[in-house]
file coords_24.txt (compact mmCIF, C-alpha atoms)
# COMPACT_ATOMS: atom_id res chain seq x y z
CA MET A 176 -0.36 12.59 26.73
CA SER A 177 -2.71 9.68 27.15
CA ALA A 178 -2.51 6.22 28.62
CA TYR A 179 -2.39 3.44 26.06
CA ARG A 180 -2.78 -0.20 27.00
CA PHE A 181 -2.01 -3.21 24.86
CA LEU A 182 -0.41 -6.64 25.03
CA VAL A 183 3.28 -7.04 24.25
CA ASN A 184 4.53 -10.59 23.93
CA GLY A 185 1.61 -11.82 25.97
CA ALA A 186 2.02 -9.39 28.89
CA PRO A 187 -0.08 -6.26 29.47
CA ALA A 188 1.75 -3.00 28.86
CA GLN A 189 0.68 0.56 29.68
CA VAL A 190 2.43 3.72 28.54
CA ASP A 191 1.65 7.39 29.18
CA VAL A 192 2.89 9.02 25.99
CA PRO A 193 1.73 11.24 23.12
CA GLY A 194 -0.58 9.31 20.80
CA MET A 195 1.59 10.05 17.76
CA ARG A 196 4.70 8.46 19.30
CA ARG A 197 5.90 5.72 16.99
CA LEU A 198 5.36 2.16 18.21
CA LEU A 199 9.08 1.72 17.49
CA ASP A 200 10.01 4.41 20.06
CA VAL A 201 7.49 3.11 22.60
CA LEU A 202 8.97 -0.39 22.35
CA ARG A 203 12.61 0.67 22.49
CA ASP A 204 12.56 3.75 24.74
CA ASP A 205 9.46 3.42 26.92
CA LEU A 206 9.35 -0.37 27.32
CA GLY A 207 13.09 -1.13 26.96
CA LEU A 208 12.51 -3.75 24.26
CA THR A 209 15.54 -2.95 22.10
CA GLY A 210 15.38 -6.13 20.00
CA THR A 211 13.34 -4.18 17.44
CA LYS A 212 15.82 -2.09 15.41
CA GLU A 213 15.51 1.24 13.65
CA GLY A 214 16.97 1.25 10.17
CA CYS A 215 15.56 3.85 7.80
CA GLY A 216 12.60 5.18 9.81
CA GLU A 217 10.54 5.44 6.63
CA GLY A 218 9.10 2.00 5.98
CA GLU A 219 11.66 0.94 3.39
CA CYS A 220 13.98 -1.44 5.26
CA GLY A 221 11.80 -3.55 7.57
CA ALA A 222 14.35 -3.60 10.43
CA CYS A 223 11.58 -2.54 12.85
CA SER A 224 9.11 -5.23 11.71
CA VAL A 225 6.84 -6.46 14.49
CA LEU A 226 3.54 -8.33 14.48
CA LEU A 227 0.38 -6.30 15.18
CA ASP A 228 -2.60 -8.61 15.70
CA GLY A 229 -0.53 -11.19 13.83
CA GLN A 230 0.20 -9.02 10.78
CA VAL A 231 3.72 -7.88 10.03
CA VAL A 232 4.05 -4.06 10.13
CA ASP A 233 6.87 -1.52 10.28
CA ALA A 234 6.83 -0.19 13.86
CA CYS A 235 8.23 3.13 12.60
CA LEU A 236 4.97 3.78 10.70
CA VAL A 237 2.52 2.95 13.49
CA PRO A 238 1.47 5.66 15.98
CA VAL A 239 0.88 4.16 19.41
CA CYS A 240 -2.71 5.46 19.56
CA GLN A 241 -3.52 2.86 16.90
CA VAL A 242 -2.09 0.08 19.09
CA GLU A 243 -4.53 0.62 22.01
CA GLY A 244 -6.17 -2.71 22.87
CA ARG A 245 -4.20 -4.69 20.33
CA ILE A 246 -1.63 -7.47 20.40
CA VAL A 247 2.03 -6.75 19.65
CA ARG A 248 4.70 -9.38 19.20
CA THR A 249 8.38 -8.49 18.96
CA VAL A 250 11.49 -10.55 18.49
CA GLU A 251 11.77 -10.82 22.28
CA GLY A 252 8.46 -12.68 22.26
CA LEU A 253 9.34 -14.99 19.40
CA SER A 254 10.82 -17.65 21.64
CA LEU A 255 8.53 -17.30 24.68
CA ALA A 256 6.94 -20.71 24.31
CA ALA A 257 10.22 -22.31 23.31
CA ARG A 258 12.13 -20.62 26.11
CA GLU A 259 10.21 -22.61 28.69
CA ARG A 260 11.72 -25.66 27.05
CA GLY A 261 15.12 -23.98 27.23
CA SER A 262 15.33 -23.47 23.47
CA LEU A 263 14.77 -20.88 20.77
CA ASP A 264 11.94 -20.57 18.25
CA THR A 265 12.41 -22.99 15.36
CA LEU A 266 13.04 -19.99 13.07
CA GLN A 267 15.81 -18.68 15.32
CA GLU A 268 17.35 -22.17 15.44
CA ALA A 269 17.22 -22.36 11.65
CA PHE A 270 18.83 -18.92 11.26
CA LEU A 271 21.68 -20.10 13.53
CA GLU A 272 22.10 -23.40 11.72
CA HIS A 273 22.12 -21.84 8.27
CA GLY A 274 24.32 -18.86 9.14
CA ALA A 275 21.46 -16.52 8.18
CA ALA A 276 22.69 -13.61 10.34
CA GLN A 277 25.78 -11.50 9.76
CA CYS A 278 25.79 -7.98 11.21
CA GLY A 279 22.41 -8.74 12.76
CA ILE A 280 20.57 -5.46 12.30
CA CYS A 281 18.02 -6.91 9.87
CA THR A 282 17.67 -10.18 11.76
CA PRO A 283 14.88 -9.34 14.25
CA GLY A 284 12.71 -7.83 11.49
CA MET A 285 13.55 -10.68 9.14
CA LEU A 286 12.49 -13.19 11.80
CA MET A 287 9.19 -11.42 12.40
CA ALA A 288 8.36 -11.17 8.67
CA ALA A 289 9.21 -14.85 8.28
CA ARG A 290 7.13 -15.74 11.35
CA ALA A 291 4.10 -13.91 9.91
CA TYR A 292 4.58 -15.80 6.64
CA LEU A 293 4.81 -19.19 8.35
CA ASP A 294 1.90 -18.48 10.71
CA ALA A 295 -0.25 -17.65 7.67
CA GLY A 296 0.50 -21.13 6.34
CA GLY A 297 3.30 -20.17 3.93
CA GLY A 298 5.12 -23.07 2.28
CA PRO A 299 8.75 -23.78 1.35
CA ASP A 300 8.75 -22.35 -2.18
CA ASP A 301 11.52 -19.89 -2.84
CA GLU A 302 9.45 -17.29 -4.68
CA SER A 303 6.76 -16.96 -2.00
CA ILE A 304 9.40 -16.68 0.72
CA ARG A 305 11.25 -13.98 -1.20
CA GLU A 306 7.98 -12.07 -1.61
CA ALA A 307 7.27 -12.43 2.12
CA ILE A 308 10.63 -10.86 3.05
CA ALA A 309 10.74 -8.34 0.18
CA GLY A 310 10.12 -5.55 2.71
CA ASN A 311 13.19 -6.51 4.75
CA LEU A 312 16.54 -5.32 3.49
CA CYS A 313 19.77 -7.14 4.32
CA ARG A 314 23.05 -5.64 3.12
CA CYS A 315 25.28 -8.53 4.30
CA THR A 316 23.97 -11.96 3.44
CA GLY A 317 22.68 -11.71 -0.10
CA TYR A 318 19.49 -13.34 1.29
CA THR A 319 20.34 -16.89 0.18
CA LYS A 320 21.00 -18.24 3.66
CA ILE A 321 18.02 -16.39 5.08
CA VAL A 322 15.78 -17.98 2.45
CA ASP A 323 17.39 -21.38 3.13
CA ALA A 324 16.63 -21.04 6.84
CA ILE A 325 12.98 -20.18 6.20
CA VAL A 326 12.66 -23.01 3.67
CA ALA A 327 13.97 -25.41 6.31
CA VAL A 328 11.28 -24.37 8.80
CA ALA A 329 8.54 -24.30 6.15
CA THR A 330 9.37 -27.79 4.87
CA PRO A 331 7.10 -30.36 6.51
CA LEU A 332 8.98 -32.95 8.54
CA GLU A 333 9.06 -36.40 6.97
CA MET B 161 12.45 10.97 18.34
CA PRO B 162 10.37 12.59 15.57
CA ALA B 163 7.75 15.28 16.26
CA GLU B 164 4.62 14.02 18.03
CA PRO B 165 1.64 16.23 17.09
CA GLN B 166 -1.56 16.08 19.07
CA ILE B 167 -3.99 13.45 17.81
CA ASP B 168 -7.69 12.76 18.34
CA VAL B 169 -9.07 9.24 18.07
CA PRO B 170 -12.80 9.42 17.26
CA ARG B 171 -14.95 6.29 17.07
CA HIS B 172 -17.66 7.74 14.85
CA LEU B 173 -17.78 9.62 11.59
CA PHE B 174 -19.76 12.57 13.04
CA GLU B 175 -17.04 13.11 15.67
CA ALA B 176 -14.40 13.09 12.96
CA TYR B 177 -16.45 15.65 10.98
CA GLU B 178 -16.61 17.91 14.07
CA ARG B 179 -12.83 17.84 14.49
CA LEU B 180 -12.25 18.55 10.81
CA ALA B 181 -14.69 21.47 10.88
CA ALA B 182 -12.96 22.92 13.96
CA GLY B 183 -9.70 23.73 12.16
CA PRO B 184 -6.79 22.38 10.13
CA THR B 185 -6.46 18.68 10.91
CA ARG B 186 -4.41 16.02 9.19
CA PRO B 187 -6.12 12.61 8.99
CA ILE B 188 -4.08 9.43 9.40
CA ALA B 189 -5.19 5.91 8.47
CA GLY B 190 -2.46 3.38 7.67
CA GLY B 191 0.23 6.01 8.17
CA THR B 192 2.48 4.76 5.40
CA ASP B 193 2.74 8.25 3.89
CA VAL B 194 2.08 10.66 6.76
CA MET B 195 4.40 8.94 9.26
CA VAL B 196 7.23 9.09 6.72
CA ALA B 197 6.52 12.78 6.13
CA ILE B 198 6.65 13.55 9.86
CA THR B 199 9.74 11.48 10.64
CA GLY B 200 11.61 12.76 7.60
CA GLU B 201 10.34 16.32 8.12
CA LEU B 202 9.32 16.31 4.46
CA ALA B 203 6.50 18.78 5.10
CA PRO B 204 5.43 21.17 7.86
CA ILE B 205 4.49 19.12 10.93
CA PRO B 206 0.68 19.13 11.31
CA GLU B 207 -0.54 20.81 14.49
CA ARG B 208 -3.49 18.50 14.98
CA MET B 209 -4.13 15.04 13.65
CA LEU B 210 -7.12 12.76 13.37
CA ASP B 211 -6.84 9.00 13.64
CA LEU B 212 -9.30 7.16 11.38
CA SER B 213 -8.36 3.67 12.53
CA ARG B 214 -11.35 3.28 14.89
CA ILE B 215 -14.03 4.39 12.43
CA ASP B 216 -15.68 1.24 11.13
CA ALA B 217 -17.89 3.13 8.64
CA LEU B 218 -14.77 3.51 6.46
CA ARG B 219 -14.26 -0.23 6.10
CA GLY B 220 -15.68 -3.02 3.99
CA ILE B 221 -15.91 -4.25 0.40
CA GLN B 222 -19.40 -4.66 -1.09
CA LEU B 223 -21.37 -5.04 -4.29
CA GLU B 224 -23.97 -2.29 -4.62
CA ALA B 225 -26.24 -1.90 -7.64
CA GLY B 226 -23.74 -2.94 -10.28
CA SER B 227 -20.74 -1.31 -8.60
CA LEU B 228 -17.94 -2.60 -6.42
CA VAL B 229 -17.63 -0.31 -3.39
CA LEU B 230 -14.49 -0.22 -1.26
CA GLY B 231 -14.29 1.62 2.07
CA ALA B 232 -11.54 4.23 2.28
CA ARG B 233 -9.74 2.25 4.97
CA THR B 234 -9.52 -0.92 2.86
CA THR B 235 -5.90 -2.07 2.98
CA TYR B 236 -3.97 -3.57 0.07
CA THR B 237 -3.87 -6.87 1.96
CA GLU B 238 -7.67 -6.81 2.25
CA ILE B 239 -7.94 -6.14 -1.49
CA ARG B 240 -5.56 -9.03 -2.24
CA ARG B 241 -7.66 -11.39 -0.11
CA SER B 242 -11.07 -10.15 -1.25
CA ALA B 243 -13.14 -12.74 -3.13
CA LEU B 244 -15.38 -9.90 -4.42
CA CYS B 245 -12.41 -7.97 -5.87
CA ARG B 246 -10.99 -11.12 -7.40
CA GLU B 247 -14.30 -11.93 -9.06
CA HIS B 248 -15.44 -8.49 -10.20
CA LEU B 249 -12.31 -6.36 -10.60
CA PRO B 250 -9.24 -8.61 -10.43
CA VAL B 251 -7.04 -5.76 -11.66
CA LEU B 252 -7.33 -4.27 -8.16
CA VAL B 253 -5.88 -7.47 -6.70
CA GLU B 254 -3.09 -7.46 -9.25
CA ALA B 255 -2.19 -3.84 -8.51
CA ALA B 256 -2.40 -4.21 -4.72
CA ALA B 257 0.19 -6.99 -4.92
CA THR B 258 2.72 -4.60 -6.51
CA ILE B 259 2.45 -1.93 -3.82
CA GLY B 260 5.22 -2.02 -1.22
CA ALA B 261 5.81 -5.31 0.57
CA ALA B 262 3.79 -7.12 3.25
CA GLN B 263 4.47 -4.43 5.88
CA ILE B 264 3.05 -1.70 3.63
CA GLN B 265 0.20 -3.79 2.20
CA ASN B 266 -0.98 -4.60 5.73
CA ARG B 267 -1.22 -0.90 6.61
CA GLY B 268 -1.59 1.24 3.49
CA THR B 269 -5.16 2.03 2.44
CA LEU B 270 -6.97 2.82 -0.80
CA GLY B 271 -8.30 6.07 0.70
CA GLY B 272 -4.80 7.05 1.76
CA ASN B 273 -3.43 6.44 -1.72
CA ILE B 274 -6.14 8.73 -3.11
CA ALA B 275 -5.82 11.48 -0.48
CA ASN B 276 -2.03 11.51 -0.74
CA ALA B 277 -2.50 11.98 -4.52
CA SER B 278 1.08 11.18 -5.44
CA PRO B 279 1.52 11.22 -9.23
CA ALA B 280 3.07 7.77 -8.67
CA GLY B 281 0.11 6.41 -6.66
CA ASP B 282 -0.26 2.94 -8.09
CA MET B 283 -4.04 2.55 -7.65
CA LEU B 284 -4.90 5.91 -9.18
CA PRO B 285 -4.67 5.03 -12.90
CA ILE B 286 -7.09 2.18 -12.20
CA LEU B 287 -9.58 4.66 -10.73
CA LEU B 288 -9.28 6.78 -13.88
CA ALA B 289 -9.51 3.82 -16.26
CA THR B 290 -12.62 2.39 -14.57
CA ASP B 291 -14.53 5.70 -14.28
CA ALA B 292 -14.52 5.28 -10.49
CA ALA B 293 -16.18 7.82 -8.21
CA ILE B 294 -14.94 8.96 -4.81
CA LEU B 295 -17.55 9.57 -2.13
CA VAL B 296 -16.46 12.24 0.33
CA GLY B 297 -18.25 13.56 3.40
CA GLY B 298 -18.17 16.22 6.08
CA GLN B 299 -20.49 18.30 8.20
CA ARG B 300 -21.78 20.01 5.05
CA GLY B 301 -22.93 16.68 3.66
CA GLU B 302 -21.72 14.06 1.20
CA ARG B 303 -20.82 14.36 -2.46
CA GLU B 304 -19.49 12.02 -5.10
CA ILE B 305 -16.53 13.21 -7.16
CA PRO B 306 -15.59 11.40 -10.39
CA ALA B 307 -11.95 10.26 -10.25
CA LYS B 308 -11.25 12.24 -13.44
CA ASP B 309 -12.10 15.48 -11.57
CA PHE B 310 -10.39 14.56 -8.31
CA PHE B 311 -6.67 15.07 -8.99
CA ILE B 312 -6.41 18.73 -9.85
CA ALA B 313 -2.69 19.55 -9.53
CA TYR B 314 0.52 18.13 -8.07
CA ARG B 315 -0.61 16.46 -4.83
CA LYS B 316 -3.72 18.65 -4.85
CA THR B 317 -7.19 17.11 -4.83
CA ALA B 318 -10.81 18.23 -4.95
CA LEU B 319 -11.18 17.16 -1.31
CA ALA B 320 -11.97 20.13 0.96
CA PRO B 321 -10.01 20.46 4.24
CA ASP B 322 -13.14 19.61 6.25
CA GLU B 323 -13.96 16.50 4.22
CA LEU B 324 -12.97 12.85 4.46
CA ILE B 325 -12.85 10.19 1.75
CA LEU B 326 -15.54 7.67 2.70
CA HIS B 327 -15.46 5.11 -0.07
CA VAL B 328 -14.70 4.47 -3.72
CA ARG B 329 -17.29 3.19 -6.17
CA PHE B 330 -16.10 1.21 -9.18
CA PRO B 331 -18.85 0.75 -11.81
CA LEU B 332 -18.85 -2.72 -13.35
CA PRO B 333 -20.18 -2.39 -16.91
CA PRO B 334 -20.73 -5.72 -18.66
CA GLY B 335 -18.07 -6.68 -21.17
CA ARG B 336 -15.39 -4.38 -19.79
CA GLU B 337 -11.78 -5.52 -19.52
CA VAL B 338 -9.08 -3.78 -17.47
CA ARG B 339 -5.33 -4.33 -17.55
CA PHE B 340 -2.58 -2.98 -15.28
CA ARG B 341 1.20 -2.70 -15.60
CA LYS B 342 3.77 -1.13 -13.33
CA VAL B 343 7.44 -0.56 -14.11
CA GLY B 344 9.73 0.15 -11.17
CA THR B 345 13.37 -0.31 -10.25
CA ARG B 346 12.75 -3.72 -8.77
CA ARG B 347 9.72 -5.95 -8.48
CA ALA B 348 8.97 -5.34 -4.80
CA GLN B 349 8.79 -2.17 -2.73
CA ALA B 350 9.49 0.12 -5.68
CA ILE B 351 7.99 3.50 -6.47
CA SER B 352 6.84 3.32 -10.07
CA LYS B 353 8.67 4.90 -13.00
CA VAL B 354 5.56 4.34 -15.11
CA VAL B 355 2.24 2.79 -14.16
CA MET B 356 -0.60 2.20 -16.63
CA ALA B 357 -4.18 0.98 -16.60
CA LEU B 358 -6.00 0.20 -19.85
CA ALA B 359 -9.75 -0.43 -20.03
CA TRP B 360 -12.16 -1.13 -22.86
CA GLU B 361 -15.59 -2.58 -23.53
CA ASP B 362 -15.86 -5.15 -26.28
CA PHE B 363 -19.21 -6.14 -27.76
CA GLY B 364 -17.74 -7.82 -30.84
CA SER B 365 -18.97 -6.10 -33.99
CA THR B 366 -18.39 -2.42 -33.12
CA GLY B 367 -14.75 -2.59 -32.05
CA TRP B 368 -13.55 -1.31 -28.68
CA GLN B 369 -15.80 1.16 -26.88
CA ASN B 370 -15.16 3.50 -23.95
CA VAL B 371 -11.40 2.99 -24.17
CA ARG B 372 -9.43 4.40 -21.24
CA VAL B 373 -5.65 4.81 -21.15
CA ALA B 374 -4.59 6.07 -17.71
CA LEU B 375 -1.05 6.59 -16.45
CA GLY B 376 0.86 7.45 -13.31
CA SER B 377 4.35 8.91 -12.81
CA VAL B 378 4.33 10.69 -16.19
CA ALA B 379 2.79 14.02 -15.14
CA ALA B 380 2.08 16.13 -12.06
CA THR B 381 -1.06 14.07 -11.45
CA PRO B 382 -2.32 10.68 -12.59
CA ILE B 383 -3.69 11.35 -16.08
CA ARG B 384 -5.72 9.94 -18.94
CA ALA B 385 -4.10 9.95 -22.38
CA ARG B 386 -7.13 11.21 -24.26
CA LYS B 387 -5.62 11.45 -27.74
CA THR B 388 -4.47 7.86 -27.48
CA GLU B 389 -7.90 6.84 -26.22
CA LEU B 390 -9.48 8.46 -29.31
CA ILE B 391 -7.19 6.50 -31.62
CA LEU B 392 -8.26 3.25 -29.97
CA GLU B 393 -11.99 4.07 -29.74
CA GLY B 394 -13.87 1.85 -32.19
CA ALA B 395 -10.64 0.07 -33.14
CA ARG B 396 -9.54 -3.53 -32.70
CA PRO B 397 -6.24 -4.51 -31.02
CA THR B 398 -4.41 -5.15 -34.27
CA PRO B 399 -0.65 -4.67 -34.82
CA GLU B 400 -1.42 -1.54 -36.88
CA ALA B 401 -3.63 -0.04 -34.18
CA ALA B 402 -1.02 -0.83 -31.52
CA ASP B 403 1.78 0.81 -33.55
CA LEU B 404 -0.30 3.94 -34.10
CA ALA B 405 -1.53 4.16 -30.48
CA ALA B 406 2.02 3.77 -29.14
CA GLU B 407 3.25 6.50 -31.48
CA ILE B 408 0.47 8.89 -30.44
CA LEU B 409 1.11 8.14 -26.76
CA VAL B 410 4.80 9.04 -27.07
CA ARG B 411 3.81 12.41 -28.56
CA GLU B 412 1.02 12.99 -26.08
CA LEU B 413 2.99 12.44 -22.89
CA ASN B 414 5.10 15.13 -21.34
CA PRO B 415 6.89 13.54 -18.37
CA ILE B 416 9.87 14.96 -16.47
CA ASP B 417 13.37 13.83 -15.52
CA ASP B 418 13.66 13.07 -11.81
CA VAL B 419 15.56 10.82 -9.39
CA ARG B 420 13.59 7.75 -10.42
CA SER B 421 13.74 8.02 -14.17
CA THR B 422 14.07 10.26 -17.21
CA ALA B 423 11.42 11.78 -19.44
CA ASP B 424 12.70 9.82 -22.46
CA TYR B 425 12.64 6.54 -20.61
CA ARG B 426 9.13 7.16 -19.29
CA ARG B 427 7.83 8.02 -22.77
CA MET B 428 9.44 4.99 -24.35
CA VAL B 429 8.34 2.57 -21.64
CA SER B 430 4.78 3.91 -21.62
CA ALA B 431 4.53 3.28 -25.34
CA ARG B 432 5.99 -0.18 -24.96
CA ILE B 433 3.62 -1.12 -22.13
CA LEU B 434 0.63 0.02 -24.18
CA HIS B 435 1.87 -1.87 -27.23
CA ARG B 436 2.34 -5.01 -25.19
CA LEU B 437 -1.08 -4.78 -23.53
CA LEU B 438 -2.69 -4.36 -26.96
CA ARG B 439 -0.71 -7.29 -28.34
CA GLU B 440 -1.86 -9.48 -25.44
CA ALA B 441 -5.46 -8.35 -25.93
CA GLY B 442 -5.25 -9.09 -29.66
CA GLY B 443 -3.58 -12.45 -29.11
CA TRP B 444 -0.87 -11.90 -31.73

call {"tool": "encode", "arguments": {"input": "coords_24.txt", "output": "structure tokens"}}
result
Amino acid sequence: MSAYRFLVNGAPAQVDVPGMRRLLDVLRDDLGLTGTKEGCGEGECGACSVLLDGQVVDACLVPVCQVEGRIVRTVEGLSLAARERGSLDTLQEAFLEHGAAQCGICTPGMLMAARAYLDAGGGPDDESIREAIAGNLCRCTGYTKIVDAIVAVATPLE
Amino acid sequence: MPAEPQIDVPRHLFEAYERLAAGPTRPIAGGTDVMVAITGELAPIPERMLDLSRIDALRGIQLEAGSLVLGARTTYTEIRRSALCREHLPVLVEAAATIGAAQIQNRGTLGGNIANASPAGDMLPILLATDAAILVGGQRGEREIPAKDFFIAYRKTALAPDELILHVRFPLPPGREVRFRKVGTRRAQAISKVVMALAWEDFGSTGWQNVRVALGSVAATPIRARKTELILEGARPTPEAADLAAEILVRELNPIDDVRSTADYRRMVSARILHRLLREAGGW
């Protein structure tokens, strides 16, 4: 057991856990942030996608010892800035508007992968968006509405 | 919750060497293979582990005396974004883009792909086709192992248990071309059914020299198809040469049936990829 300190959604977090504990388990079980979902547990489905220093990663593949001193952003932190205005992140709004969520298990990971894409300056073209979310499986929507929602946010306002 | 073995987090290479020399230790870098193995209980759970993520000596992409040198911890995302890779060995950029999706490319490393030594490791045929060398180190010193001598049996490498992969050196001979193709179930996030790298040097009058045909997913290790290479040595990429090389390749390969594909399919697709690469090179 060791103490690991890092930032989660802008706030300092400290956990006393084995260094090989998965970031996914630390978030859900030790920090109570259950927005991040476990799907396959082997890096195939992307349900546990979070941002680590701004890069999208599968939290099931990251041991917490590698998170020491770094910046984690989960779906709970997606709307922090917007929440002060009493609203959601523009991506969350777009997912609602376009009906981009069905059962919802893939949605947090999908949002985080899309956020990483947009933050890196990604544009509204279909092919780039589909590549950006290729690591996130959805078994309900057929992806079309998810892509539409991301296109809407990526399209510059007139 | 999966097993949580003890892990050391050294900051310097010499500390890592000490831990490795002290007893069986499983290194972890990007974790895209070892975390899956632990969670899925695909292999005995390591007793002790060694985190490489704080060791800066394993990072970086540089040009050194006519070679492109990539640190073992170089991620696929770093390769995709590297101006040096794009300029000097763009096939690395092309291959990195086919490995996993963003989540894997941000974490998975070149050194990890090599150490894991999966027969389906997508970068490995490129190492074979470019005559790359793998620099490894430990308390007993450093040594450079040619890629062709590195993969000795199914998931077995020439790396000793007390050694780490430090970097990979890709020679950059003038006039060399390298091509890469991967065939999987879908375009993204697929483990390959067949992966091929083809390299040659072309000085005009003499025909192709130093031809390399390297494949993954068709044997217990990544391999070179040496009979096919001989057929193409000194040849030009004509339709006749392509037909003959494809025919020899089908006879030379001895793949297996498994969950991802069949031996027949792998043989046929390998031949077709080679034929197509030769057609593109010949411009016919």

call {"tool": "closest_atom_pairs", "arguments": {"input": "coords_24.txt", "of": "chain A", "to": "chain B", "cutoff": "7 Å", "atoms": "only C-alpha atoms", "output": "JSON lines"}}
result
{"residue": "A:Pro193", "atom": "CA", "partner": "B:Glu164", "partner_atom": "CA", "distance": 6.5}
{"residue": "A:Gly194", "atom": "CA", "partner": "B:Ile167", "partner_atom": "CA", "distance": 6.1}
{"residue": "A:Met195", "atom": "CA", "partner": "B:Glu164", "partner_atom": "CA", "distance": 5.0}
{"residue": "A:Arg196", "atom": "CA", "partner": "B:Glu164", "partner_atom": "CA", "distance": 5.7}
{"residue": "A:Gly216", "atom": "CA", "partner": "B:Thr199", "partner_atom": "CA", "distance": 7.0}
{"residue": "A:Glu217", "atom": "CA", "partner": "B:Val196", "partner_atom": "CA", "distance": 4.9}
{"residue": "A:Gln230", "atom": "CA", "partner": "B:Asn266", "partner_atom": "CA", "distance": 6.8}
{"residue": "A:Val231", "atom": "CA", "partner": "B:Gln263", "partner_atom": "CA", "distance": 5.4}
{"residue": "A:Val232", "atom": "CA", "partner": "B:Gln263", "partner_atom": "CA", "distance": 4.3}
{"residue": "A:Asp233", "atom": "CA", "partner": "B:Gln263", "partner_atom": "CA", "distance": 5.8}
{"residue": "A:Leu236", "atom": "CA", "partner": "B:Met195", "partner_atom": "CA", "distance": 5.4}
{"residue": "A:Val237", "atom": "CA", "partner": "B:Gly191", "partner_atom": "CA", "distance": 6.6}
{"residue": "A:Gln241", "atom": "CA", "partner": "B:Ser213", "partner_atom": "CA", "distance": 6.6}
{"residue": "A:Ala307", "atom": "CA", "partner": "B:Ala262", "partner_atom": "CA", "distance": 6.4}
{"residue": "A:Ala309", "atom": "CA", "partner": "B:Ala261", "partner_atom": "CA", "distance": 5.8}
{"residue": "A:Gly310", "atom": "CA", "partner": "B:Ala261", "partner_atom": "CA", "distance": 4.8}

call {"tool": "write_last_selection", "arguments": {"input": "coords_24.txt", "atoms": "C-alpha atoms", "output": "short mmCIF file (atom, residue, chain, number, x, y, z; two decimals), in the frame of the given file"}}
result
data_model
loop_
_atom_site.label_atom_id
_atom_site.label_comp_id
_atom_site.auth_asym_id
_atom_site.auth_seq_id
_atom_site.Cartn_x
_atom_site.Cartn_y
_atom_site.Cartn_z
CA PRO A 193 1.73 11.24 23.12
CA GLY A 194 -0.58 9.31 20.80
CA MET A 195 1.59 10.05 17.76
CA ARG A 196 4.70 8.46 19.30
CA GLY A 216 12.60 5.18 9.81
CA GLU A 217 10.54 5.44 6.63
CA GLN A 230 0.20 -9.02 10.78
CA VAL A 231 3.72 -7.88 10.03
CA VAL A 232 4.05 -4.06 10.13
CA ASP A 233 6.87 -1.52 10.28
CA LEU A 236 4.97 3.78 10.70
CA VAL A 237 2.52 2.95 13.49
CA GLN A 241 -3.52 2.86 16.90
CA ALA A 307 7.27 -12.43 2.12
CA ALA A 309 10.74 -8.34 0.18
CA GLY A 310 10.12 -5.55 2.71
#

call {"tool": "residues_around", "arguments": {"input": "coords_24.txt", "residues": "range 391-408 of chain B", "least_positions_apart": "6", "cutoff": "12 Å", "atoms": "all atoms listed in the file", "output": "PyMOL selection string"}}
result
chain B and resi 358-373+385+414+427-444

call {"tool": "atom_distance", "arguments": {"input": "coords_24.txt", "atom1": "CA of Glu302 in chain B", "atom2": "CA of Glu224 in chain B"}}
result
17.5 Å

call {"tool": "residues_around", "arguments": {"input": "coords_24.txt", "residues": "Val242 in chain A", "least_positions_apart": "5", "cutoff": "9 Å", "atoms": "all atoms listed in the file", "output": "PyMOL selection string"}}
result
chain A and resi 179-181+198+227+237+247

call {"tool": "atom_distance", "arguments": {"input": "coords_24.txt", "atom1": "CA of Ile274 in chain B", "atom2": "CA of Ala234 in chain A"}}
result
23.1 Å

call {"tool": "atom_distance", "arguments": {"input": "coords_24.txt", "atom1": "CA of Pro204 in chain B", "atom2": "CA of Ile383 in chain B"}}
result
27.4 Å

call {"tool": "closest_residue", "arguments": {"input": "coords_24.txt", "among": "B:Pro306, B:Gly271, B:Gly183, B:Pro382", "to": "Thr290 in chain B", "atoms": "only C-alpha atoms"}}
result
B:Pro306

call {"tool": "residues_around", "arguments": {"input": "coords_24.txt", "residues": "Gln277 in chain A", "least_positions_apart": "3", "cutoff": "10 Å", "atoms": "only C-alpha atoms", "output": "ChimeraX atom specification"}}
result
/A:274,280-282,313-316

call {"tool": "residues_around", "arguments": {"input": "coords_24.txt", "residues": "Arg241 in chain B", "least_positions_apart": "6", "cutoff": "12 Å", "atoms": "only C-alpha atoms", "output": "list in words"}}
result
Ile221, Thr234, Thr235, Glu247, Pro250, Leu252, Val253, Glu254, Ala256, Ala257, Gln265 and Asn266 of chain B

call {"tool": "residues_around", "arguments": {"input": "coords_24.txt", "residues": "Phe340 in chain B", "least_positions_apart": "6", "cutoff": "7 Å", "atoms": "all atoms listed in the file", "output": "PyMOL selection string"}}
result
chain B and resi 251+255+356-358
